[in-house]
Structure formats: C-alpha cells, structure tokens
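One structure below.
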Amino acid sequence: MSWIQAAYKAFQQNSKKLSLICLPIAMGEEKIGTLAVLCKSECEQDRDGTRHLMSIISIFVAQEIKLKRLLESEKEALRQENTLLRDELKSRYNIHNMIGNSNAMHQVYESITQVANSNATVLIRGESGTGKELVAHAIHYNSPRANMPFIKINCGAIPESLIESELFGYEKGAFTDAQDVKIGKFEAAHGGTIFLDEVGELSPAVQVKLLRVLQEKEIERVGALYPIKVNVRVVTATNRDLEQELTTKQFREDLYYRLNVFPIFLPALKERHADILLLAEHFLDKYAKENNKTIARISSLAIDLLSSYHWPGNVRELENCMERAALVCRTDTIQATDLPPSLQRVDTTNTHNKDLSYQCMVETFERELIIDALKKSKGNKSKAAEYLNTTQRIIGYKIQTLGIAISKFKNKSL
Ligand SMILES: Nc1ncnc2c1ncn2[C@@H]1O[C@H](COP(=O)(O)OP(=O)(O)OP(=O)(O)O)[C@@H](O)[C@H]1O
Ligand SMILES: [Mg+2]
C-alpha cells in the first residue's frame, strides 16, 4: 500500500475528525507530484496556515528536484562526452593509424599486438622523436584497460625533491606544506596504465621505491603508516643506454630486469628509408588540411632531399619539417625550397647524395618546375611559359637541354 493510499484510508476512517489537504508540486507547467497532509484541526484558519506552509514546502521540493534533474543531465552529458573522447583516443592510437611499412615497424606493430592484452611491464627504447610515446598510448588503448586512465609522467622533467610525492602522493601533514592529502600518479592510474617516460632519469632513491611498487603492487604515500594496493600496468620509455648505466651503477640492475620484461625497440628514421616518404606524405596531408591548402605532391628534388637527410630528430623532426613546408608552399607541390635550410645542406659523405652536385640540384629543380608547368598546360609550351612567367623560347630551350619528353604531357589530365 502506498503512503497516499494509507493516508486516504486513515482519512476515510476518521473523516469526521480529519481534513485532507493536497497541493500539487509543479515545475513550470509540469506537475511532478503531490504534497498531502492530514489535518486534525477543524478550524479554517489553521487549515489556511497549513496550506500556506505546504505551498512553500512544495516550492522547495520542486526546486530540489529541478536541481537534481539538472545535475543528472549534466552528468549524463559528461559521461557521453567521456565515451566519445575515449573512442576518439582509441581510434587515434589504433596501430593501423601508425605510419610505417618497413620491416622494423612491422616488428613494432607485432610487439604491440603481442603485449597489449597482457599486464606485462614494457620498456620502450629508441632515440628521441622515434614514437615511443605513441607506442605507449597504442599499448594502453589496445589493452583491456583502455577505458581506465592512462597517466603519463615525465621522470626527467620533475625535480628530484618532488618526484616521490608526484608518483606516490602524500598524507596530510607529511611535511610543512602538506595541508591536504595528495593522490599520486600511481593511485590516479589505478585500473589503468602508468607511463613513466624517461625512466632512466630516476634517482637511485626513487628507483628503490619503484622497484618495491613493481614487486609488491602497493604504494606508500609520503608520510603514510600503511601501504595501499594498486592495480596498475607499468609502461616505461627511455632513450638512454641503460645497459651502460648498469655498469656505472647509475641504474639499478634489479629494477632494470623488472622493467625490461618486454622491450620494444623503435628504429631511428634514418634506418628505415622506406618510411620517410610515407611519413612525409602523411604529415603533408595533415598540415595541408589544417591550413586549408590543397597540396597534391612532393617534387622529386624535395623527395631526394628528404630521403638523403640523416634525421637526428627522427619522426618529430620530419613532422615539423612537413608542417613548415605546408605553411610556406605556394603551389600545389612541395618544392625543395619549401624545406628547411638544414635539409638543403647536402651531406656529401652520404652515399645517397653522391650525384647531388650544385649543378645537378639546379637542373633537377628546373626540370621539376618545367614538368609541373607542362602537366598543368597538358604539354602546351606557351601556356607552360605563362605559368612560369617566362618566354616560350626559354621553355623550348630548357625542354631540349634537359631532355624532357614533352609528348608525355599532351592530352593528359593533371
Ligand atoms: N609511426 C608514426 N606514425 C605517425 N606519427 C608518428 C610515428 N612515430 C612518431 N610519430 C609522431 O612523431 C612525434 C614524436 O613522437 P613521440 O613523442 O612518440 O616520440 P618519442 O620517442 O616519445 O620522443 P622523445 O624521446 O623526444 O620523448 C609525435 O607527434 C608522433 O605522433
Ligand atoms: Mg616521448
């Protein structure tokens, strides 16, 4: 029996002594409930007072319900947004979105697929800018922990005095400035993955604490009396030579073996020539879109320069280079001159550049320009001359001296 049925029954049994006062609870036009009171008093004045009080209460109740509904709908919107963002991250860090077709990169994809589903600790190795962080993300977002947090901490960027409290948190009063409890990154990553970037930078004191977390699967906040159990998958990365640091005792051997359960090596870009062009085209596409430009191709001279450069900054440097090229490019083709000056300084010791003498570069550049113009004009010399702002005679001369087969461009679309 509902409370209103019980009230009505009581009212029927005592109808001579009781009066039932009912008021609607309204939110604008919508009636969301009823406020009912059984009143003993037979005096009309008392009943008026009760009605007045009830009308005030019904306003409060309506306001409370309105607020609750608002909070619920905001929570739901946030939940939906969160799901959308997670799905976006999952697709962004899908292995299929990683660029590279070289054998070395296929090995990396295979390693990610093999290890993602497990809880194994992963150590990602590779020079700066080779994609270590990208791989750490790919492992997390392709793992069963994908809907839980991915927490990154750059061990090299945090001062030694703060790293312990960043990683493990602290209790209130643990030190003078500890006004409140602080949750560390390990606790924040509970259920998910923690990515310790530049793990080789950790001091020996913190290395001991990290080893304990890996062995015991529990952390201790600074100033805490008891440890806290955490369920965190650890992924680490470094570009340092940890094996060398073992010999100088800068890195603990026991920690090294704990971290090195599943190593993934990212090759330097210069060791995977086949990927340079793929990546260059990928970044060109990305930055052309971002800058609302239509850039269809990269000229052969620019391709030569891109593939003969030694890329000390690896993929990151190539990405920056293509972003700049997309910005400065004024035609639909990236020319050698759109590339940064560091690439124009040809390293003559590099076997790829043997025949890129000054004269050869100039000729290749001229050939590129003329071929582009001939493509656009479908082999029409006078239109090609117009595109290049020169005379038909000069174009004719260059076509002859550079040995360009003009018939190839006739009646061909772009
Ligand atoms: N295979 C790849 N496909 C597409 N983009 C890539 C690839 N590898 C790296 N990148 C891009 O190159 C940039 C550098 O990558 P990332 O930050 O992962 O390198 P890193 O090895 O962590 O560098 P560092 O050692 O300096 O921290 C990022 O913008 C990343 O998205
Ligand atoms: Mg990194």
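Order determines the names: the first chain of the structure tokens is A, the second B, and so forth; residues in each chain are numbered 1 upward, and ligands are numbered 1 upward as they are shown.
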
Using only C-alpha atoms and all ligand atoms, what table do you get, as CSV, when you list each residue of chain A with an atom no more than 9 Å from ligand 1, its nearest pair of atoms, and their distance in Å rounded to one decimal, rows by chain then rising number?
```
residue,atom,partner,partner_atom_place_in_ligand_line,distance
A:Ile95,CA,ligand 1,1 (N),9.0
A:Asn97,CA,ligand 1,3 (N),6.9
A:Met98,CA,ligand 1,3 (N),4.0
A:Ile99,CA,ligand 1,3 (N),3.8
A:Gly100,CA,ligand 1,1 (N),5.5
A:Met105,CA,ligand 1,1 (N),7.6
A:Ile124,CA,ligand 1,21 (O),8.6
A:Arg125,CA,ligand 1,21 (O),8.0
A:Gly126,CA,ligand 1,21 (O),6.3
A:Glu127,CA,ligand 1,25 (O),5.9
A:Ser128,CA,ligand 1,25 (O),3.4
A:Gly129,CA,ligand 1,23 (O),3.4
A:Thr130,CA,ligand 1,21 (O),4.1
A:Gly131,CA,ligand 1,18 (O),3.1
A:Lys132,CA,ligand 1,21 (O),3.7
A:Glu133,CA,ligand 1,18 (O),3.6
A:Leu134,CA,ligand 1,18 (O),4.1
A:Val135,CA,ligand 1,18 (O),6.7
A:Ala136,CA,ligand 1,18 (O),8.0
A:His137,CA,ligand 1,18 (O),8.7
A:Asn154,CA,ligand 1,27 (O),8.9
A:Asp197,CA,ligand 1,27 (O),7.3
A:Glu198,CA,ligand 1,27 (O),7.6
A:Ala237,CA,ligand 1,22 (O),7.7
A:Thr238,CA,ligand 1,25 (O),6.9
A:Asn239,CA,ligand 1,25 (O),6.0
A:Leu266,CA,ligand 1,21 (O),7.9
A:Asp275,CA,ligand 1,1 (N),8.6
A:Leu279,CA,ligand 1,4 (C),6.6
A:His282,CA,ligand 1,4 (C),7.7
A:Phe283,CA,ligand 1,5 (N),8.0
A:Gly313,CA,ligand 1,26 (O),8.0
A:Asn314,CA,ligand 1,12 (O),7.8
A:Val315,CA,ligand 1,12 (O),4.7
A:Arg316,CA,ligand 1,13 (C),4.1
A:Glu317,CA,ligand 1,12 (O),7.8
A:Leu318,CA,ligand 1,12 (O),8.0
A:Glu319,CA,ligand 1,12 (O),6.4
A:Asn320,CA,ligand 1,29 (O),8.8
```

Show which residues sit within 8 Å of Ile21 in chain A, as a count of residues only. Count only C-alpha atoms, and ignore same-chain residues fewer than 3 positions away.
-> 5

What's the 10 Å shell around Ala26 in chain A, counting only C-alpha atoms, without same-chain residues fewer than 6 positions away, as a PyMOL selection string?
-> chain A and resi 32-34+58-59+61-63

Excluding same-chain residues fewer than 6 positions from Ile163 in chain A, what lies within 10 Å of it counting only C-alpha atoms, as a compact mmCIF listing (two decimals) with N, CA and C atoms, in the first residue's frame?
```txt
# COMPACT_ATOMS: atom_id res chain seq x y z
N ILE A 153 53.87 10.34 -16.85
CA ILE A 153 54.72 11.21 -16.03
C ILE A 153 56.11 11.23 -16.65
N ASN A 154 56.61 12.45 -16.83
CA ASN A 154 57.94 12.58 -17.41
C ASN A 154 58.95 12.68 -16.27
N CYS A 155 59.63 11.55 -16.01
CA CYS A 155 60.51 11.47 -14.84
C CYS A 155 61.66 12.48 -14.93
N GLY A 156 62.02 12.87 -16.14
CA GLY A 156 63.14 13.79 -16.29
C GLY A 156 62.74 15.24 -16.08
N ALA A 157 61.44 15.52 -16.10
CA ALA A 157 61.00 16.92 -16.05
C ALA A 157 60.64 17.37 -14.64
N GLY A 169 52.14 10.31 -4.02
CA GLY A 169 51.24 11.16 -3.22
C GLY A 169 51.77 11.36 -1.80
N GLY A 184 48.85 10.37 -5.59
CA GLY A 184 49.96 10.31 -6.55
C GLY A 184 49.52 9.72 -7.88
N LEU A 202 65.44 8.61 -13.29
CA LEU A 202 65.08 8.49 -11.87
C LEU A 202 66.31 8.35 -10.98
N SER A 203 66.26 9.01 -9.82
CA SER A 203 67.40 8.95 -8.90
C SER A 203 67.43 7.56 -8.24
N VAL A 206 64.58 6.93 -5.71
CA VAL A 206 63.24 6.67 -6.27
C VAL A 206 63.22 5.32 -7.00
```

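Take the candidates A:Leu225, A:Ala146, A:Leu78, A:Leu89 and check each one against Lys172 in chain A using only C-alpha atoms; the shortest distance goes to A:Leu225.
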
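Closest to His140 in chain A among A:Gly191, A:Gly173, A:Gly223, A:Pro159 is A:Gly191, based on only C-alpha atoms.
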
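Proximity to Val222 in chain A at 8 Å, evaluated using only C-alpha atoms and with sequence-adjacent residues fewer than 6 positions away removed, yields Glu164, Ser165, Phe168, Gly169, Tyr170, Glu171 and Ala174 of chain A.
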
Could the residues in this selection be written to a file with C-alpha atoms, as a compact mmCIF listing (two decimals), in the first residue's frame?
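Okay, this is what ended up in part22.txt:
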```txt
# COMPACT_ATOMS: atom_id res chain seq x y z
CA GLU A 164 58.35 10.86 -4.91
CA SER A 165 55.25 12.79 -3.92
CA PHE A 168 53.09 8.16 -4.72
CA GLY A 169 51.24 11.16 -3.22
CA TYR A 170 51.43 12.24 0.40
CA GLU A 171 49.41 12.31 3.61
CA ALA A 174 53.65 14.68 5.91
```

From range 148-240 of chain A, collect each residue whose DSSP state is helix (DSSP H, G or I) and return the set as a ChimeraX atom specification.
-> /A:160-168,185-188,199-201,204-216

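If only C-alpha atoms are the atoms counted, then among A:Ala268, A:Cys329, A:Val261, A:Arg324 the closest residue to Lys293 in chain A is A:Cys329.
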
Please provide as a short mmCIF file (atom, residue, chain, number, x, y, z; two decimals) with N, CA and C atoms, in the first residue's frame all residues within 10 Å of Thr193 in chain A, with the sequence filter that same-chain residues fewer than 4 positions apart are discarded (counting only C-alpha atoms).
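That gives us out31.cif:
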```
data_model
loop_
_atom_site.label_atom_id
_atom_site.label_comp_id
_atom_site.auth_asym_id
_atom_site.auth_seq_id
_atom_site.Cartn_x
_atom_site.Cartn_y
_atom_site.Cartn_z
N ASN A 119 49.40 -7.98 -18.86
CA ASN A 119 49.71 -6.93 -17.87
C ASN A 119 51.21 -6.71 -17.78
N THR A 121 55.02 -5.61 -17.95
CA THR A 121 55.70 -4.30 -17.95
C THR A 121 56.48 -4.17 -19.25
N ALA A 136 53.44 3.79 -26.40
CA ALA A 136 52.89 3.63 -25.05
C ALA A 136 51.37 3.81 -25.10
N HIS A 137 50.91 4.83 -25.81
CA HIS A 137 49.46 5.05 -25.96
C HIS A 137 48.81 3.85 -26.66
N ILE A 139 49.71 0.79 -26.75
CA ILE A 139 49.61 -0.38 -25.86
C ILE A 139 48.40 -0.21 -24.95
N HIS A 140 48.26 0.97 -24.35
CA HIS A 140 47.14 1.17 -23.42
C HIS A 140 45.79 1.09 -24.15
N TYR A 141 45.64 1.82 -25.25
CA TYR A 141 44.33 1.89 -25.90
C TYR A 141 43.98 0.63 -26.68
N SER A 143 44.51 -2.30 -25.07
CA SER A 143 44.52 -3.28 -23.98
C SER A 143 43.16 -3.33 -23.31
N ARG A 145 42.54 -2.45 -20.55
CA ARG A 145 42.46 -1.30 -19.64
C ARG A 145 42.08 -0.01 -20.36
N ALA A 146 41.74 -0.13 -21.64
CA ALA A 146 41.54 1.07 -22.47
C ALA A 146 40.52 2.07 -21.90
N MET A 148 40.09 2.69 -18.78
CA MET A 148 40.58 3.21 -17.50
C MET A 148 41.66 4.25 -17.79
N PRO A 149 42.15 4.95 -16.74
CA PRO A 149 43.07 6.07 -17.02
C PRO A 149 44.42 5.65 -17.62
N PHE A 150 44.96 6.56 -18.46
CA PHE A 150 46.33 6.44 -18.95
C PHE A 150 47.04 7.66 -18.35
N ILE A 151 47.95 7.42 -17.43
CA ILE A 151 48.62 8.54 -16.76
C ILE A 151 50.08 8.56 -17.16
N LYS A 152 50.49 9.74 -17.67
CA LYS A 152 51.88 9.86 -18.11
C LYS A 152 52.65 10.73 -17.13
N PHE A 186 50.45 7.00 -9.35
CA PHE A 186 50.15 5.56 -9.32
C PHE A 186 48.71 5.31 -8.89
N ALA A 188 46.28 7.46 -9.13
CA ALA A 188 45.40 8.02 -10.16
C ALA A 188 45.25 7.04 -11.33
N ALA A 189 46.28 6.21 -11.53
CA ALA A 189 46.25 5.29 -12.68
C ALA A 189 45.60 3.96 -12.31
N ASN A 231 46.43 -1.48 -8.67
CA ASN A 231 46.44 -2.37 -9.83
C ASN A 231 46.77 -1.50 -11.04
N VAL A 232 48.05 -1.43 -11.34
CA VAL A 232 48.49 -0.52 -12.41
C VAL A 232 49.44 -1.26 -13.34
N ARG A 233 49.24 -1.06 -14.65
CA ARG A 233 50.18 -1.63 -15.62
C ARG A 233 51.26 -0.58 -15.88
N VAL A 234 52.51 -1.01 -15.82
CA VAL A 234 53.61 -0.05 -15.96
C VAL A 234 54.24 -0.14 -17.35
N VAL A 235 54.27 0.99 -18.04
CA VAL A 235 54.96 1.08 -19.33
C VAL A 235 56.01 2.17 -19.17
#
```

Neighbours of Ser55 in chain A within 9 Å (only C-alpha atoms; same-chain residues fewer than 4 positions away dropped), as an MDAnalysis selection string?
-> chainID A and resid 23:25 35 50:51 59:60

Produce a file of the selected residues containing N, CA and C atoms, as a short mmCIF file (atom, residue, chain, number, x, y, z; two decimals), in the first residue's frame.
```cif
data_model
loop_
_atom_site.label_atom_id
_atom_site.label_comp_id
_atom_site.auth_asym_id
_atom_site.auth_seq_id
_atom_site.Cartn_x
_atom_site.Cartn_y
_atom_site.Cartn_z
N LEU A 23 -1.72 19.50 -2.26
CA LEU A 23 -1.23 20.58 -3.14
C LEU A 23 -0.33 19.97 -4.21
N PRO A 24 -0.44 20.44 -5.43
CA PRO A 24 0.46 19.88 -6.47
C PRO A 24 1.87 20.44 -6.30
N ILE A 25 2.86 19.60 -6.64
CA ILE A 25 4.25 20.10 -6.72
C ILE A 25 4.49 20.31 -8.20
N LEU A 35 1.71 17.04 -2.70
CA LEU A 35 2.04 17.12 -1.28
C LEU A 35 0.71 17.01 -0.54
N THR A 50 -1.75 25.89 7.35
CA THR A 50 -1.11 24.66 6.87
C THR A 50 -0.93 24.72 5.35
N ARG A 51 -2.00 25.18 4.64
CA ARG A 51 -1.92 25.28 3.17
C ARG A 51 -0.76 26.19 2.75
N ILE A 59 7.30 24.38 -3.14
CA ILE A 59 8.25 25.12 -3.98
C ILE A 59 9.67 24.61 -3.75
N PHE A 60 10.01 24.40 -2.45
CA PHE A 60 11.36 23.89 -2.14
C PHE A 60 11.59 22.52 -2.77
#
```

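In this comparison, which uses only C-alpha atoms, the residue of A:Cys43, A:Gln107, A:Glu368, A:Ile298 approaching Asp338 in chain A most closely is A:Ile298.
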
Atomic distance CA of Tyr8 in chain A - CA of Lys66 in chain A, expressed in Å with one decimal | 27.9 Å
